[in-house]
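Visitor: Attaching a single structure in structure tokens format; questions to follow.
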Amino acid sequence: MKKTYSIAIDGPAGAGKSTIARRMARELGYRYVDTGAIYRTVAYFLDLLGISPKDTDGVERYIDELTVEIRYDEEGAQHMLMNGMDVTSDIRTQDISQKASLVSAQPAVREMLLDMQREVARQHTVVMDGRDIGTVVLPRADVKIFLTASPEVRARRRTDELLAKGQKAEYPRILQEILRRDDQDIHRPIAPLKMARDSVKVDTSELDIDSVVAEILRIVKEKIPQ
């Protein structure tokens with residue numbers, strides 16, 4: 001029997017990947033890996049230096065000065081460390097989200113982080129979410145889910161999430177950001193957002209979290225020995 005298993009959850013921004021993946025990991029006793037947070041950490045580092053995520057020369061010049069670590073607290077929550085500093089809360093802004101999409105297209109960044117993500121999956125049984133987990137990072141994942149929802153639903157969810165955190169959020173602006181992010185992710189030249197051929201599509205537009213989790217658990221139990 002295999003020592004470790006992997007579940008890949010891909011999909012566009014605001015589809016609920018992190019929420020669902022975190023719940024799935026807790027239900028199954030797996031380790032949750034939020035790869036979006038890893039790229040946000042890189043984007044945050046470059047932003048502090050005033051380097052545009054589109055500036056390939058600048059990214060390549062300074063990327064070696066960055067160390068990114070994932071740590072888990074006693075409750076299993078993922079924390080992101082940037083050069084030893086916990087930036088878990090600092091990276092959760094719309095601006096950094098947009099910049100993370102751009103920086104993830106930089107070859108130097110992807111090369112730096114790809115082995116890191118794969119090594120976590122080699123060592124642990126994981127639920128890993130992102131844009132290209134099932135297509136690039138873990139092409140042999142035991143279960144692949146493509147989680148999606150309409151842009152309008154995703155924008156409303158993101159607006160509500162930010163408002164609940166006390167941050168300023170305007171639905172029309174966030175909808176445009178969601179559409180722009182989709183375009184960036186789908187058309188980026190390296191590892192674009194797309195559904196793997198052996199992935200199962202789950203549309204969450206009309207489903208609550210419990211229903212989505214139940215559906216994915218059903219899929220997982222068909223593919224992974226319990």
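Residues in the structure tokens are numbered from 1 in each chain, the chains being A, B, ... in the order shown, and ligands are numbered from 1 in the order shown.
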Can you list, as a VMD selection string, every protein, DNA or RNA residue that comes within 9 Å of Lys201 (chain A) when you count only C-alpha atoms, leaving out same-chain residues fewer than 6 positions away?

Guide: chain A and resid 144 to 148 195

Visitor: Output as a ChimeraX atom specification all residues of region 19-222 of chain A that backbone DSSP marks as helix (DSSP H, G or I).

Guide: /A:19-28,35-49,56-65,94-103,107-123,133-137,151-164,171-187,209-222

Visitor: Pick out the residues sitting within 10 Å of Ile219 (chain A), and hand them over as a ChimeraX atom specification; count only C-alpha atoms, and ignore anything fewer than 5 positions along from it in its own chain.

Guide: /A:143-145,200,213-214,224

Visitor: Write the residues of the selection above to a file with all heavy atoms, as a PDB file, in the first residue's frame.

Guide:
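selection24.pdb written:
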```pdb
ATOM      1  N   VAL A 143      -6.197  11.981  -6.554  1.00  0.00           N
ATOM      2  CA  VAL A 143      -7.497  12.587  -6.836  1.00  0.00           C
ATOM      3  C   VAL A 143      -7.266  14.004  -7.333  1.00  0.00           C
ATOM      4  O   VAL A 143      -6.472  14.746  -6.749  1.00  0.00           O
ATOM      5  CB  VAL A 143      -8.392  12.627  -5.572  1.00  0.00           C
ATOM      6  CG1 VAL A 143      -9.732  13.281  -5.905  1.00  0.00           C
ATOM      7  CG2 VAL A 143      -8.604  11.234  -5.007  1.00  0.00           C
ATOM      8  N   LYS A 144      -7.956  14.367  -8.409  1.00  0.00           N
ATOM      9  CA  LYS A 144      -7.860  15.728  -8.945  1.00  0.00           C
ATOM     10  C   LYS A 144      -9.259  16.332  -9.035  1.00  0.00           C
ATOM     11  O   LYS A 144     -10.145  15.749  -9.642  1.00  0.00           O
ATOM     12  CB  LYS A 144      -7.205  15.729 -10.325  1.00  0.00           C
ATOM     13  CG  LYS A 144      -5.772  15.220 -10.344  1.00  0.00           C
ATOM     14  CD  LYS A 144      -5.205  15.248 -11.761  1.00  0.00           C
ATOM     15  CE  LYS A 144      -3.801  14.653 -11.803  1.00  0.00           C
ATOM     16  NZ  LYS A 144      -3.248  14.674 -13.183  1.00  0.00           N
ATOM     17  N   ILE A 145      -9.407  17.479  -8.409  1.00  0.00           N
ATOM     18  CA  ILE A 145     -10.684  18.196  -8.409  1.00  0.00           C
ATOM     19  C   ILE A 145     -10.472  19.564  -9.046  1.00  0.00           C
ATOM     20  O   ILE A 145      -9.494  20.254  -8.738  1.00  0.00           O
ATOM     21  CB  ILE A 145     -11.212  18.396  -6.974  1.00  0.00           C
ATOM     22  CG1 ILE A 145     -11.369  17.055  -6.246  1.00  0.00           C
ATOM     23  CG2 ILE A 145     -12.532  19.166  -6.987  1.00  0.00           C
ATOM     24  CD1 ILE A 145     -12.399  16.131  -6.830  1.00  0.00           C
ATOM     25  N   VAL A 200     -11.984  15.943 -11.864  1.00  0.00           N
ATOM     26  CA  VAL A 200     -13.440  15.972 -11.735  1.00  0.00           C
ATOM     27  C   VAL A 200     -13.866  17.410 -11.454  1.00  0.00           C
ATOM     28  O   VAL A 200     -13.394  18.028 -10.496  1.00  0.00           O
ATOM     29  CB  VAL A 200     -13.922  15.056 -10.588  1.00  0.00           C
ATOM     30  CG1 VAL A 200     -15.443  15.121 -10.469  1.00  0.00           C
ATOM     31  CG2 VAL A 200     -13.459  13.625 -10.813  1.00  0.00           C
ATOM     32  N   VAL A 213     -18.015  19.755   0.321  1.00  0.00           N
ATOM     33  CA  VAL A 213     -17.145  18.823   1.041  1.00  0.00           C
ATOM     34  C   VAL A 213     -17.678  17.394   0.919  1.00  0.00           C
ATOM     35  O   VAL A 213     -16.905  16.462   0.672  1.00  0.00           O
ATOM     36  CB  VAL A 213     -17.020  19.229   2.527  1.00  0.00           C
ATOM     37  CG1 VAL A 213     -16.319  18.135   3.333  1.00  0.00           C
ATOM     38  CG2 VAL A 213     -16.245  20.529   2.653  1.00  0.00           C
ATOM     39  N   ALA A 214     -18.980  17.230   1.068  1.00  0.00           N
ATOM     40  CA  ALA A 214     -19.578  15.893   0.971  1.00  0.00           C
ATOM     41  C   ALA A 214     -19.357  15.295  -0.415  1.00  0.00           C
ATOM     42  O   ALA A 214     -19.049  14.102  -0.550  1.00  0.00           O
ATOM     43  CB  ALA A 214     -21.073  15.971   1.285  1.00  0.00           C
ATOM     44  N   ILE A 224      -9.344   6.500  -3.166  1.00  0.00           N
ATOM     45  CA  ILE A 224      -8.282   6.277  -2.181  1.00  0.00           C
ATOM     46  C   ILE A 224      -8.785   5.326  -1.086  1.00  0.00           C
ATOM     47  O   ILE A 224      -9.842   5.578  -0.507  1.00  0.00           O
ATOM     48  CB  ILE A 224      -7.824   7.606  -1.545  1.00  0.00           C
ATOM     49  CG1 ILE A 224      -7.183   8.511  -2.594  1.00  0.00           C
ATOM     50  CG2 ILE A 224      -6.835   7.337  -0.417  1.00  0.00           C
ATOM     51  CD1 ILE A 224      -6.720   9.853  -2.051  1.00  0.00           C
TER      52      ILE A 224
END
```

Visitor: Point out the residue among A:Arg23, A:Lys54, A:Arg61, A:Arg131 with the least atom-to-atom distance to Pro192 (chain A), counting only C-alpha atoms.

Guide: A:Arg131

Visitor: Please produce, as JSON lines, a per-residue contact table for region 133-187 of chain A versus region 101-112 of chain A (criterion: any atom at most 7 Å away, only C-alpha atoms considered), showing the nearest atom pair and its distance in Å to one decimal, sorted by chain then residue number.

Guide:
```
{"residue": "A:Arg181", "atom": "CA", "partner": "A:Ser101", "partner_atom": "CA", "distance": 7.0}
{"residue": "A:Gln184", "atom": "CA", "partner": "A:Ser101", "partner_atom": "CA", "distance": 6.9}
{"residue": "A:Asp185", "atom": "CA", "partner": "A:Ser101", "partner_atom": "CA", "distance": 6.6}
```

Visitor: Write a file of the selected residues as a PDB file, in the first residue's frame, keeping all heavy atoms.

Guide:
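Heads up, here's the output in out-v8.pdb:
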```pdb
ATOM      1  N   ARG A 181      -7.999  38.596 -13.068  1.00  0.00           N
ATOM      2  CA  ARG A 181      -7.181  37.495 -12.543  1.00  0.00           C
ATOM      3  C   ARG A 181      -7.408  36.229 -13.364  1.00  0.00           C
ATOM      4  O   ARG A 181      -6.467  35.507 -13.687  1.00  0.00           O
ATOM      5  CB  ARG A 181      -7.548  37.255 -11.077  1.00  0.00           C
ATOM      6  CG  ARG A 181      -6.795  36.099 -10.415  1.00  0.00           C
ATOM      7  CD  ARG A 181      -5.342  36.449 -10.173  1.00  0.00           C
ATOM      8  NE  ARG A 181      -4.631  35.322  -9.574  1.00  0.00           N
ATOM      9  CZ  ARG A 181      -4.506  35.119  -8.276  1.00  0.00           C
ATOM     10  NH1 ARG A 181      -5.044  35.975  -7.412  1.00  0.00           N
ATOM     11  NH2 ARG A 181      -3.829  34.096  -7.816  1.00  0.00           N
ATOM     12  N   GLN A 184      -5.463  36.570 -16.554  1.00  0.00           N
ATOM     13  CA  GLN A 184      -4.033  36.391 -16.306  1.00  0.00           C
ATOM     14  C   GLN A 184      -3.694  34.912 -16.136  1.00  0.00           C
ATOM     15  O   GLN A 184      -2.723  34.412 -16.707  1.00  0.00           O
ATOM     16  CB  GLN A 184      -3.619  37.140 -15.037  1.00  0.00           C
ATOM     17  CG  GLN A 184      -3.584  38.649 -15.166  1.00  0.00           C
ATOM     18  CD  GLN A 184      -3.279  39.324 -13.834  1.00  0.00           C
ATOM     19  OE1 GLN A 184      -3.061  38.660 -12.826  1.00  0.00           O
ATOM     20  NE2 GLN A 184      -3.270  40.641 -13.824  1.00  0.00           N
ATOM     21  N   ASP A 185      -4.483  34.220 -15.317  1.00  0.00           N
ATOM     22  CA  ASP A 185      -4.179  32.823 -14.994  1.00  0.00           C
ATOM     23  C   ASP A 185      -4.355  31.898 -16.197  1.00  0.00           C
ATOM     24  O   ASP A 185      -3.579  30.963 -16.389  1.00  0.00           O
ATOM     25  CB  ASP A 185      -5.069  32.342 -13.842  1.00  0.00           C
ATOM     26  CG  ASP A 185      -4.710  33.009 -12.520  1.00  0.00           C
ATOM     27  OD1 ASP A 185      -3.596  33.563 -12.424  1.00  0.00           O
ATOM     28  OD2 ASP A 185      -5.539  32.974 -11.594  1.00  0.00           O
TER      29      ASP A 185
END
```

Visitor: Show me, as a ChimeraX atom specification, the residues that have an atom within 12 Å of region 41-46 of chain A when counting only C-alpha atoms, minus same-chain residues fewer than 5 positions from it.

Guide: /A:34-36,51-56,58-70,79-106,108-110,112-113
